[in-house]
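Student: The structure file start15.cif (mmCIF, C-alpha atoms and all ligand atoms) is provided below.
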data_my_file
loop_
_atom_site.label_atom_id
_atom_site.label_comp_id
_atom_site.auth_asym_id
_atom_site.auth_seq_id
_atom_site.Cartn_x
_atom_site.Cartn_y
_atom_site.Cartn_z
CA VAL A 11 23.93 -37.07 12.38
CA ASP A 12 24.04 -33.42 13.47
CA ASP A 13 21.80 -32.56 16.38
CA VAL A 14 21.19 -28.97 15.32
CA ASP A 15 21.76 -26.71 12.30
CA LEU A 16 23.68 -24.07 14.23
CA ILE A 17 25.61 -23.81 17.48
CA VAL A 18 25.95 -20.33 19.01
CA ILE A 19 28.65 -19.97 21.65
CA GLY A 20 27.89 -17.04 23.96
CA ALA A 21 24.55 -15.58 25.06
CA GLY A 22 25.43 -11.89 25.05
CA PRO A 23 23.57 -9.59 22.63
CA GLY A 24 25.62 -10.81 19.64
CA GLY A 25 24.88 -14.49 20.17
CA SER A 26 21.20 -13.99 20.99
CA ASN A 27 20.56 -11.78 17.96
CA ALA A 28 22.25 -14.34 15.69
CA ALA A 29 20.13 -17.10 17.25
CA ALA A 30 16.91 -15.08 16.78
CA VAL A 31 17.59 -14.49 13.07
CA ALA A 32 18.57 -18.12 12.47
CA LEU A 33 15.41 -19.33 14.24
CA SER A 34 13.26 -17.02 12.12
CA GLY A 35 14.91 -18.53 9.05
CA GLY A 36 13.84 -22.01 10.15
CA LEU A 37 17.11 -23.37 11.61
CA THR A 38 17.40 -25.38 14.79
CA VAL A 39 19.75 -23.60 17.17
CA LEU A 40 21.68 -24.61 20.27
CA GLN A 41 23.11 -21.73 22.29
CA LEU A 42 25.55 -22.30 25.11
CA ASP A 43 27.04 -19.98 27.67
CA ALA A 44 29.59 -20.58 30.38
CA ALA A 45 27.51 -18.57 32.84
CA ARG A 46 24.16 -19.47 34.34
CA PHE A 47 21.43 -16.98 33.37
CA PRO A 48 20.60 -14.39 34.48
CA ARG A 49 24.29 -13.53 34.74
CA VAL A 50 26.22 -10.44 35.70
CA LYS A 51 27.69 -8.46 32.79
CA PRO A 52 29.62 -5.30 33.61
CA CYS A 53 28.41 -2.68 31.12
CA ALA A 54 27.02 0.85 31.22
CA GLY A 55 24.06 -0.39 29.17
CA GLY A 56 23.79 2.53 26.74
CA VAL A 57 21.94 1.26 23.65
CA THR A 58 22.20 3.59 20.65
CA MET A 59 19.55 3.94 17.95
CA LYS A 60 21.64 1.98 15.45
CA ALA A 61 21.89 -0.83 18.02
CA ARG A 62 18.10 -0.79 18.44
CA ALA A 63 17.70 -0.98 14.66
CA ALA A 64 20.01 -4.02 14.51
CA LEU A 65 18.17 -5.88 17.29
CA ARG A 66 15.79 -8.61 16.09
CA LEU A 67 14.21 -9.18 19.51
CA ALA A 68 12.18 -6.83 21.71
CA ILE A 69 14.05 -4.34 23.88
CA GLU A 70 10.88 -3.06 25.58
CA PRO A 71 10.77 -5.62 28.42
CA SER A 72 14.15 -4.43 29.70
CA ALA A 73 14.33 -0.84 28.39
CA GLN A 74 14.65 1.84 31.04
CA ARG A 75 14.87 5.55 30.28
CA SER A 76 15.45 6.93 26.77
CA PHE A 77 17.33 10.20 26.40
CA HIS A 78 17.07 12.97 23.82
CA ALA A 79 20.29 14.61 24.97
CA ILE A 80 23.83 13.53 25.70
CA GLU A 81 26.88 15.44 26.89
CA PHE A 82 30.29 15.14 25.27
CA ASN A 83 32.43 17.19 27.63
CA VAL A 84 36.06 18.05 28.05
CA TRP A 85 36.78 17.26 31.70
CA GLY A 86 37.00 20.45 33.72
CA HIS A 87 35.31 22.57 31.02
CA PRO A 88 31.64 23.67 30.87
CA PRO A 89 29.29 20.89 29.70
CA ASN A 90 28.60 20.53 25.99
CA ARG A 91 25.11 19.11 25.59
CA LEU A 92 23.87 17.78 22.25
CA GLU A 93 20.14 17.39 21.80
CA HIS A 94 17.69 16.00 19.29
CA HIS A 95 13.91 15.79 19.14
CA ASN A 96 14.18 12.01 18.62
CA PRO A 97 15.75 9.75 21.24
CA LEU A 98 19.51 9.18 21.09
CA LEU A 99 20.14 6.54 23.74
CA THR A 100 18.09 3.96 25.62
CA MET A 101 19.35 2.61 28.92
CA VAL A 102 19.22 -1.05 29.85
CA CYS A 103 20.66 -3.04 32.73
CA ARG A 104 22.72 -5.69 31.02
CA PRO A 105 21.94 -8.69 33.25
CA GLU A 106 18.22 -8.07 32.67
CA PHE A 107 18.60 -7.16 28.96
CA ASP A 108 20.71 -10.22 28.09
CA ASN A 109 18.42 -12.50 30.07
CA GLN A 110 15.34 -11.08 28.33
CA LEU A 111 16.85 -11.79 24.91
CA VAL A 112 17.61 -15.38 25.89
CA GLN A 113 14.11 -15.84 27.29
CA GLN A 114 12.52 -14.54 24.06
CA ASN A 115 14.47 -17.12 22.03
CA ARG A 116 13.48 -19.81 24.50
CA ARG A 117 9.86 -19.44 23.43
CA ARG A 118 10.80 -20.97 20.05
CA ALA A 119 10.51 -24.76 19.81
CA ALA A 120 13.63 -25.04 17.63
CA PHE A 121 15.83 -23.39 20.28
CA THR A 122 17.84 -24.99 23.07
CA LEU A 123 19.77 -23.06 25.69
CA ARG A 124 22.59 -24.76 27.58
CA ASP A 125 23.72 -22.25 30.18
CA GLY A 126 26.44 -23.09 32.67
CA VAL A 127 28.23 -24.96 29.85
CA ARG A 128 31.68 -23.74 28.78
CA ALA A 129 33.17 -24.44 25.35
CA THR A 130 36.74 -25.55 25.89
CA ARG A 131 37.86 -26.57 22.39
CA VAL A 132 36.50 -26.34 18.87
CA GLU A 133 37.46 -28.21 15.72
CA TYR A 134 36.06 -28.60 12.22
CA VAL A 135 36.26 -32.16 10.95
CA ASP A 136 34.30 -33.88 8.13
CA ARG A 137 32.23 -30.77 7.42
CA ARG A 138 31.00 -30.27 10.94
CA PHE A 139 32.08 -28.56 14.11
CA ARG A 140 32.85 -30.50 17.23
CA VAL A 141 32.56 -28.24 20.24
CA GLU A 142 34.10 -29.73 23.37
CA THR A 143 32.44 -28.55 26.55
CA ASP A 144 32.76 -29.33 30.23
CA HIS A 145 29.49 -31.33 29.73
CA GLY A 146 30.53 -33.36 26.66
CA PRO A 147 30.84 -32.66 22.90
CA LEU A 148 28.28 -30.89 20.69
CA PHE A 149 28.03 -31.06 16.88
CA ALA A 150 26.67 -28.81 14.13
CA PRO A 151 27.51 -27.88 10.53
CA GLN A 152 27.73 -24.13 11.31
CA LEU A 153 29.03 -22.13 14.25
CA VAL A 154 28.51 -18.59 15.57
CA ALA A 155 31.35 -17.47 17.84
CA ALA A 156 29.90 -14.82 20.14
CA ASP A 157 32.03 -15.80 23.11
CA GLY A 158 33.24 -12.35 24.05
CA ALA A 159 36.59 -10.68 24.69
CA TYR A 160 38.59 -13.84 25.30
CA SER A 161 37.05 -15.91 22.50
CA VAL A 162 38.16 -19.55 22.44
CA VAL A 163 36.93 -19.79 18.84
CA ASN A 164 38.96 -16.81 17.64
CA ARG A 165 42.04 -18.26 19.34
CA THR A 166 41.46 -21.54 17.50
CA PHE A 167 40.76 -20.22 13.99
CA ARG A 168 42.80 -16.97 14.28
CA ILE A 169 40.31 -14.87 12.38
CA SER A 170 40.79 -11.47 14.05
CA ARG A 171 43.68 -9.74 15.77
CA PRO A 172 42.24 -6.75 17.67
CA ARG A 173 44.78 -3.92 17.69
CA ALA A 174 44.24 -2.92 21.32
CA MET A 175 42.50 -3.83 24.54
CA ALA A 176 40.64 -0.92 26.10
CA THR A 177 39.93 -1.02 29.83
CA ALA A 178 36.64 -0.08 31.46
CA ILE A 179 35.88 0.08 35.15
CA GLU A 180 32.47 0.92 36.57
CA ALA A 181 30.43 1.23 39.72
CA ASN A 182 26.67 1.22 40.08
CA ILE A 183 25.78 3.98 42.52
CA PRO A 184 22.29 3.87 44.04
CA VAL A 185 20.40 7.09 43.46
CA GLY A 186 17.62 8.35 45.71
CA ARG A 187 14.46 9.65 44.09
CA ALA A 188 15.08 13.17 45.36
CA SER A 189 18.61 13.22 44.03
CA ALA A 190 19.81 15.92 41.66
CA THR A 191 20.64 13.20 39.09
CA VAL A 192 16.96 12.81 38.18
CA ASP A 193 17.50 15.60 35.67
CA GLN A 194 20.84 14.30 34.56
CA VAL A 195 21.47 13.18 31.00
CA PRO A 196 24.12 10.61 30.03
CA CYS A 197 27.52 12.26 29.90
CA LEU A 198 31.00 11.43 28.70
CA ASP A 199 33.81 13.49 30.25
CA TYR A 200 36.79 13.18 27.93
CA GLY A 201 40.12 13.59 29.71
CA ALA A 202 38.84 12.40 33.12
CA VAL A 203 41.40 9.61 32.67
CA THR A 204 44.49 9.33 30.44
CA ARG A 205 43.52 8.47 26.86
CA GLY A 206 39.90 8.03 27.84
CA TYR A 207 36.81 9.44 29.48
CA GLY A 208 34.58 9.13 32.50
CA TRP A 209 30.86 8.47 32.15
CA VAL A 210 27.64 8.80 34.11
CA PHE A 211 24.69 6.85 32.66
CA PRO A 212 21.53 7.35 34.75
CA LYS A 213 19.19 4.40 35.28
CA HIS A 214 15.91 4.14 37.20
CA ASP A 215 17.37 3.57 40.66
CA HIS A 216 21.10 3.91 40.14
CA ALA A 217 23.72 5.50 37.93
CA SER A 218 26.45 3.62 36.12
CA VAL A 219 29.59 5.66 36.72
CA GLY A 220 32.85 4.56 35.17
CA LEU A 221 36.09 5.17 33.35
CA TYR A 222 37.13 4.01 29.88
CA THR A 223 40.73 4.17 28.71
CA LEU A 224 42.75 3.06 25.72
CA ALA A 225 46.02 3.45 27.61
CA PRO A 226 47.72 0.06 27.99
CA ARG A 227 48.33 0.66 31.72
CA VAL A 228 46.87 3.22 34.08
CA SER A 229 48.04 2.94 37.64
CA GLY A 230 45.58 3.64 40.43
CA LEU A 231 42.49 3.25 38.22
CA ARG A 232 40.30 2.35 41.21
CA GLU A 233 41.34 5.49 43.11
CA LEU A 234 40.79 7.55 39.96
CA LEU A 235 37.28 6.14 39.68
CA ALA A 236 36.57 6.93 43.35
CA GLY A 237 37.76 10.50 42.71
CA TYR A 238 35.62 10.80 39.57
CA ILE A 239 32.55 9.50 41.41
CA ARG A 240 33.05 12.14 44.10
CA ALA A 241 33.69 14.88 41.51
CA LYS A 242 30.35 14.03 39.85
CA GLY A 243 28.55 14.58 43.15
CA PHE A 244 28.08 10.99 44.30
CA ALA A 245 29.42 9.47 47.49
CA PRO A 246 31.33 6.23 46.90
CA PRO A 247 30.91 4.10 50.02
CA ALA A 248 34.44 3.13 51.04
CA ALA A 249 33.61 -0.56 51.24
CA SER A 250 32.44 -0.66 47.61
CA ARG A 251 35.79 0.52 46.26
CA ALA A 252 37.18 -2.96 46.76
CA ARG A 253 34.49 -4.24 44.36
CA PHE A 254 35.48 -2.00 41.44
CA GLU A 255 36.80 -4.37 38.81
CA ALA A 256 38.40 -3.51 35.50
CA TYR A 257 37.24 -5.26 32.31
CA ARG A 258 38.71 -5.36 28.83
CA ILE A 259 37.05 -4.36 25.56
CA PRO A 260 38.99 -5.48 22.47
CA VAL A 261 39.00 -2.84 19.73
CA GLY A 262 40.48 -2.40 16.26
CA GLY A 263 39.66 -5.92 15.01
CA PHE A 264 38.96 -4.85 11.44
CA ARG A 265 41.47 -6.88 9.46
CA LEU A 266 40.13 -10.41 9.33
CA ARG A 267 41.54 -13.65 7.99
CA VAL A 268 38.51 -15.28 6.40
CA PRO A 269 38.25 -18.87 7.68
CA ARG A 270 37.70 -21.82 5.33
CA CYS A 271 34.89 -23.27 7.41
CA PRO A 272 31.42 -21.84 8.22
CA VAL A 273 32.34 -20.10 11.48
CA TYR A 274 31.06 -16.56 12.05
CA LEU A 275 32.93 -14.36 14.52
CA VAL A 276 30.59 -11.90 16.23
CA GLY A 277 30.94 -8.84 18.54
CA ASP A 278 33.68 -8.67 21.16
CA ALA A 279 34.99 -12.05 20.03
CA GLY A 280 36.25 -10.20 16.95
CA GLY A 281 37.20 -6.94 18.68
CA PHE A 282 34.67 -4.95 16.66
CA ALA A 283 33.80 -2.27 19.30
CA ASP A 284 34.14 1.50 18.80
CA ALA A 285 37.57 2.57 20.11
CA MET A 286 36.50 6.19 20.73
CA THR A 287 33.56 5.37 22.99
CA GLY A 288 33.81 1.68 23.89
CA GLU A 289 30.35 1.11 22.40
CA GLY A 290 30.13 -2.57 21.50
CA ILE A 291 26.47 -3.58 21.80
CA TYR A 292 25.69 -2.30 18.28
CA HIS A 293 28.65 -4.12 16.75
CA ALA A 294 27.65 -7.34 18.52
CA LEU A 295 23.97 -7.07 17.49
CA GLU A 296 24.67 -6.13 13.87
CA SER A 297 27.37 -8.76 13.30
CA GLY A 298 25.07 -11.30 15.01
CA ARG A 299 22.19 -10.31 12.74
CA ILE A 300 24.32 -10.79 9.61
CA ALA A 301 25.74 -14.08 10.92
CA GLY A 302 22.20 -15.40 11.44
CA GLU A 303 21.15 -14.40 7.92
CA VAL A 304 24.21 -15.97 6.29
CA ALA A 305 23.78 -19.16 8.34
CA VAL A 306 20.21 -19.46 6.99
CA ALA A 307 21.34 -18.88 3.39
CA VAL A 308 24.16 -21.43 3.73
CA ALA A 309 21.82 -24.03 5.26
CA ARG A 310 19.47 -23.59 2.29
CA GLY A 311 22.34 -23.94 -0.17
CA LEU A 312 21.86 -20.34 -1.30
CA GLY A 313 25.07 -18.77 -0.12
CA SER A 314 28.65 -19.22 0.98
CA PRO A 315 30.02 -18.59 4.49
CA ARG A 316 32.50 -16.08 3.04
CA GLN A 317 29.57 -13.75 2.40
CA TYR A 318 29.45 -13.11 6.13
CA TYR A 319 32.87 -11.50 6.18
CA ARG A 320 32.15 -9.53 3.00
CA ARG A 321 28.84 -8.20 4.35
CA LEU A 322 30.44 -7.23 7.65
CA TRP A 323 32.57 -4.44 6.19
CA LYS A 324 30.15 -1.57 5.63
CA PRO A 325 27.87 -1.76 8.68
CA VAL A 326 30.46 -2.95 11.22
CA LEU A 327 34.15 -3.21 10.29
CA ARG A 328 34.31 0.18 8.55
CA ASP A 329 33.37 1.78 11.89
CA THR A 330 35.76 -0.50 13.78
CA ALA A 331 38.57 0.76 11.52
CA LEU A 332 37.46 4.40 11.42
CA THR A 333 36.96 4.78 15.17
CA TYR A 334 40.28 3.07 15.84
CA ALA A 335 42.04 5.50 13.48
CA CYS A 336 40.20 8.52 14.96
CA ALA A 337 40.82 7.45 18.57
CA ILE A 338 44.53 8.22 18.29
CA PRO A 339 44.17 11.96 17.48
CA LEU A 340 41.05 12.22 19.67
CA PHE A 341 42.81 11.11 22.85
CA ARG A 342 46.00 13.01 21.98
CA HIS A 343 44.19 16.33 21.43
CA ILE A 344 41.02 16.00 23.51
CA GLU A 345 40.31 19.71 23.85
CA ARG A 346 40.66 20.36 20.13
CA THR A 347 38.69 17.33 18.91
CA ILE A 348 35.85 17.40 21.44
CA GLY A 349 35.83 21.19 20.96
CA LEU A 350 34.86 20.52 17.32
CA LEU A 351 31.52 19.20 18.58
CA GLU A 352 30.63 22.70 19.71
CA HIS A 353 30.47 23.62 16.03
CA PRO A 354 27.01 22.94 14.54
CA LEU A 355 28.57 21.86 11.24
CA VAL A 356 30.10 18.93 13.12
CA SER A 357 27.54 18.25 15.85
CA ARG A 358 24.42 18.47 13.69
CA PRO A 359 25.25 15.69 11.23
CA LEU A 360 26.57 13.45 14.03
CA ILE A 361 23.55 13.88 16.28
CA HIS A 362 20.99 13.78 13.47
CA GLY A 363 22.72 10.67 12.05
CA ALA A 364 22.83 9.03 15.50
CA SER A 365 19.11 9.66 16.01
CA ALA A 366 18.44 8.11 12.58
CA ALA A 367 20.42 4.94 13.48
CA ALA A 368 23.33 5.81 11.17
CA THR A 369 26.80 4.40 11.76
CA PHE A 370 29.72 6.73 12.48
CA GLY A 371 31.03 6.04 8.95
CA ASP A 372 27.72 7.08 7.42
CA CYS A 373 27.62 10.24 9.56
CA VAL A 374 31.07 11.16 8.25
CA LEU A 375 30.50 10.18 4.60
CA LYS A 376 26.97 11.56 4.36
CA GLY A 377 27.57 14.49 6.71
CA GLY A 378 26.12 17.00 4.23
CA ILE A 379 22.88 15.06 3.87
CA TYR A 380 22.40 14.74 7.64
CA LEU A 381 23.22 18.42 8.08
CA VAL A 382 20.52 19.49 5.62
CA ARG A 383 18.00 17.06 7.14
CA SER A 384 18.76 18.36 10.62
CA LEU A 385 18.27 21.96 9.52
CA ARG A 386 14.93 21.06 7.95
CA SER A 387 13.65 19.06 10.90
CA GLU A 388 14.97 21.07 13.84
CA PRO A 389 16.27 24.49 12.86
CA GLY A 390 17.74 25.77 16.12
CA ARG A 391 17.86 23.25 18.94
CA HIS A 392 21.26 21.65 18.69
CA ASN A 393 24.19 22.10 20.94
CA ALA A 394 22.51 23.87 23.80
CA ARG A 395 24.70 24.53 26.80
CA PRO A 396 22.68 23.39 29.84
C1 LIG A 401 32.35 -1.53 31.92
C2 LIG A 401 31.84 -1.63 30.50
C3 LIG A 401 30.88 -0.72 30.05
C4 LIG A 401 30.37 -0.81 28.74
N1 LIG A 401 29.38 0.04 28.35
C5 LIG A 401 28.83 -0.07 27.11
C6 LIG A 401 27.73 0.74 26.72
O1 LIG A 401 27.22 1.56 27.50
N2 LIG A 401 27.23 0.60 25.47
C7 LIG A 401 27.75 -0.30 24.58
O2 LIG A 401 27.27 -0.37 23.44
N3 LIG A 401 28.77 -1.11 24.93
C8 LIG A 401 29.33 -1.03 26.18
N4 LIG A 401 30.34 -1.87 26.55
C9 LIG A 401 30.80 -2.90 25.59
C10 LIG A 401 29.80 -4.05 25.55
O3 LIG A 401 29.51 -4.50 26.85
C11 LIG A 401 30.34 -5.24 24.73
O4 LIG A 401 30.93 -4.76 23.54
C12 LIG A 401 29.20 -6.22 24.39
O5 LIG A 401 28.73 -6.83 25.55
C13 LIG A 401 29.68 -7.30 23.41
O6 LIG A 401 28.65 -8.26 23.27
P1 LIG A 401 28.98 -9.76 22.84
O7 LIG A 401 27.67 -10.43 22.65
O8 LIG A 401 29.97 -9.75 21.73
O9 LIG A 401 29.78 -10.39 24.08
P2 LIG A 401 29.39 -10.51 25.62
O10 LIG A 401 28.26 -9.65 25.97
O11 LIG A 401 30.67 -10.35 26.37
O12 LIG A 401 28.90 -12.02 25.74
C14 LIG A 401 29.79 -13.10 25.61
C15 LIG A 401 29.19 -14.28 26.33
O13 LIG A 401 29.98 -15.44 26.01
C16 LIG A 401 30.12 -16.23 27.17
N5 LIG A 401 31.34 -17.02 27.01
C17 LIG A 401 32.62 -16.58 26.98
N6 LIG A 401 33.47 -17.61 26.78
C18 LIG A 401 32.70 -18.73 26.67
C19 LIG A 401 32.98 -20.11 26.47
N7 LIG A 401 34.23 -20.54 26.32
N8 LIG A 401 31.95 -20.98 26.42
C20 LIG A 401 30.67 -20.55 26.57
N9 LIG A 401 30.35 -19.27 26.78
C21 LIG A 401 31.35 -18.36 26.83
C22 LIG A 401 30.17 -15.24 28.33
O14 LIG A 401 29.75 -15.84 29.55
C23 LIG A 401 29.19 -14.16 27.84
O15 LIG A 401 27.90 -14.35 28.35
C24 LIG A 401 30.87 -1.81 27.86
C25 LIG A 401 31.83 -2.72 28.30
C26 LIG A 401 32.31 -2.63 29.60
C27 LIG A 401 33.34 -3.63 30.08
#
Taking this structure as input, can you express it in the form of structure tokens?

Tutor:
Amino acid sequence: VDDVDLIVIGAGPGGSNAAAVALSGGLTVLQLDAARFPRVKPCAGGVTMKARAALRLAIEPSAQRSFHAIEFNVWGHPPNRLEHHNPLLTMVCRPEFDNQLVQQNRRRAAFTLRDGVRATRVEYVDRRFRVETDHGPLFAPQLVAADGAYSVVNRTFRISRPRAMATAIEANIPVGRASATVDQVPCLDYGAVTRGYGWVFPKHDHASVGLYTLAPRVSGLRELLAGYIRAKGFAPPAASRARFEAYRIPVGGFRLRVPRCPVYLVGDAGGFADAMTGEGIYHALESGRIAGEVAVAVARGLGSPRQYYRRLWKPVLRDTALTYACAIPLFRHIERTIGLLEHPLVSRPLIHGASAAATFGDCVLKGGIYLVRSLRSEPGRHNARP
């Protein structure tokens, strides 16, 4: 007899959103995570409007500042600030955000969290999954694999082969109240590192400062980060440099081999993140949301697991593919491509679309519509140099 209707491996945003949707659909859910919660998750914590729209739990308990402006700069050039009258980005601290999502699910009677439990092996036998863990086996007829960049489940079922592994390295720099960064908006400095960018994302009491690169190897990344931190006007305490650690973000996982069993690959486990920016919270939340819905339909005998992979294309995989394809010319010709954003015909549809929770694909395909809407709603405020 199966203990639960659905096992979710991983309690990042992808896994928790899938669990929330499945619980709302009446399933019993067991979620496990190798880490004990609250756990550390290196991430700049920028949550876009499309990510907020995909989230099926409350962000408010862990939301920090929301920003109406963002800078897409070419490193060493004057800042290029894009603004909108609606918010564009909400900041969270990931340990707190992820823990909040887990705690919201925990209020549901049909939910069980097993944190500090690592899945070591997964197999599908006699129409159910057997998940081996370091605390004994678990069983369920359906499985959500939201186990992050080094997914055990993806290795087992070979569903996705991400094209590249991006690298991101960050430091959280405490910021005094009187600091100049109080007025700062989130910024991305393209070209601050080979085939990548540097970022500053301001939070309440600190700033996340980091580097993102698609280059397979960058030597001296820690020193580069220390230099970038200084160049942005912060002082990196020497002792903290040793703590800078680099993390991988799989990207370009858009060509999937649809599995024969009801396993749903979600978020970083599939390599769905945006290769141009490293944004992955949206892709995790949205794929998790769809996985939860399909799991409910399958449990009720109203759908097939293959629907998950079909439904994933437009809201998630199309962007995974498009941003991977665009990342190559973007990082080769940073000045020319980021320079395009200075043109209102490019920046307006992108910013208006982003504020309306549109995907990158929708901003490109429906650029004309977003341009007209932006002109109607905010005739002259875009692309102001600060
Ligand atoms: C430095 C950095 C900055 C970033 N900044 C941003 C940003 O500002 N905005 C944005 O949108 N994205 C950002 N990203 C990307 C984003 O963090 C990820 O894309 C996102 O966390 C993916 O969510 P997920 O739920 O798929 O996986 P994760 O959040 O990685 O969660 C996976 C979970 O699975 C657990 N797990 C793994 N293996 C097992 C196992 N075998 N058994 C049990 N549990 C397991 C892990 O402990 C983890 O809790 C950043 C990434 C990095 C590295």

Student: Output, as lines of an AutoDock Vina configuration file, the centre and edge lengths in Å (one decimal) of the axis-aligned box that contains all listed atoms of ligand LIG 401 (chain A) with 5 Å of margin on each side.

Tutor:
center_x = 30.7
center_y = -9.7
center_z = 26.8
size_x = 17.0
size_y = 32.5
size_z = 20.2

Student: Could you name the residues that touch Ile80 of chain A at 7 Å or less, counting only C-alpha atoms, but leaving out those on the same chain fewer than 5 positions away, as a tab-separated table (two decimals) with C-alpha atoms, in the frame of the given file?

Tutor:
chain	number	residue	atom	x	y	z
A	91	ARG	CA	25.11	19.11	25.59
A	92	LEU	CA	23.87	17.78	22.25
A	93	GLU	CA	20.14	17.39	21.80
A	195	VAL	CA	21.47	13.18	31.00
A	196	PRO	CA	24.12	10.61	30.03
A	197	CYS	CA	27.52	12.26	29.90

Student: If we count all atoms listed in the file, what is near Leu153 of chain A at a cut-off of 12 Å, once residues fewer than 3 positions away on the same chain are taken out, given as number ranges by chain?

Tutor: A: 14-20, 25, 28-29, 32, 39-42, 132-134, 137-141, 148-150, 156-157, 163-164, 167, 269, 271-276, 298, 301-302, 304-306, 308-309, 315

Student: Can you tell me which residues surround Gly86 of chain A at a distance of at most 9 Å, considering all atoms listed in the file, apart from same-chain residues fewer than 4 positions away, and format the answer as a ChimeraX atom specification?

Tutor: /A:199,201-202

Student: Please compute the atom O13 of ligand LIG 401 (chain A)-atom CA of Thr166 of chain A distance, one decimal, in Å.

Tutor: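 For atom O13 of ligand LIG 401 (chain A) relative to atom CA of Thr166 of chain A, the distance reads 15.5 Å.
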
Student: Using only C-alpha atoms and all ligand atoms, find the one residue out of A:Lys376, A:Arg117, A:Arg49, A:Lys324 that sits nearest to ligand LIG 401 (chain A).

Tutor: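 Using only C-alpha atoms and all ligand atoms, ligand LIG 401 (chain A) sits closest to A:Arg49.
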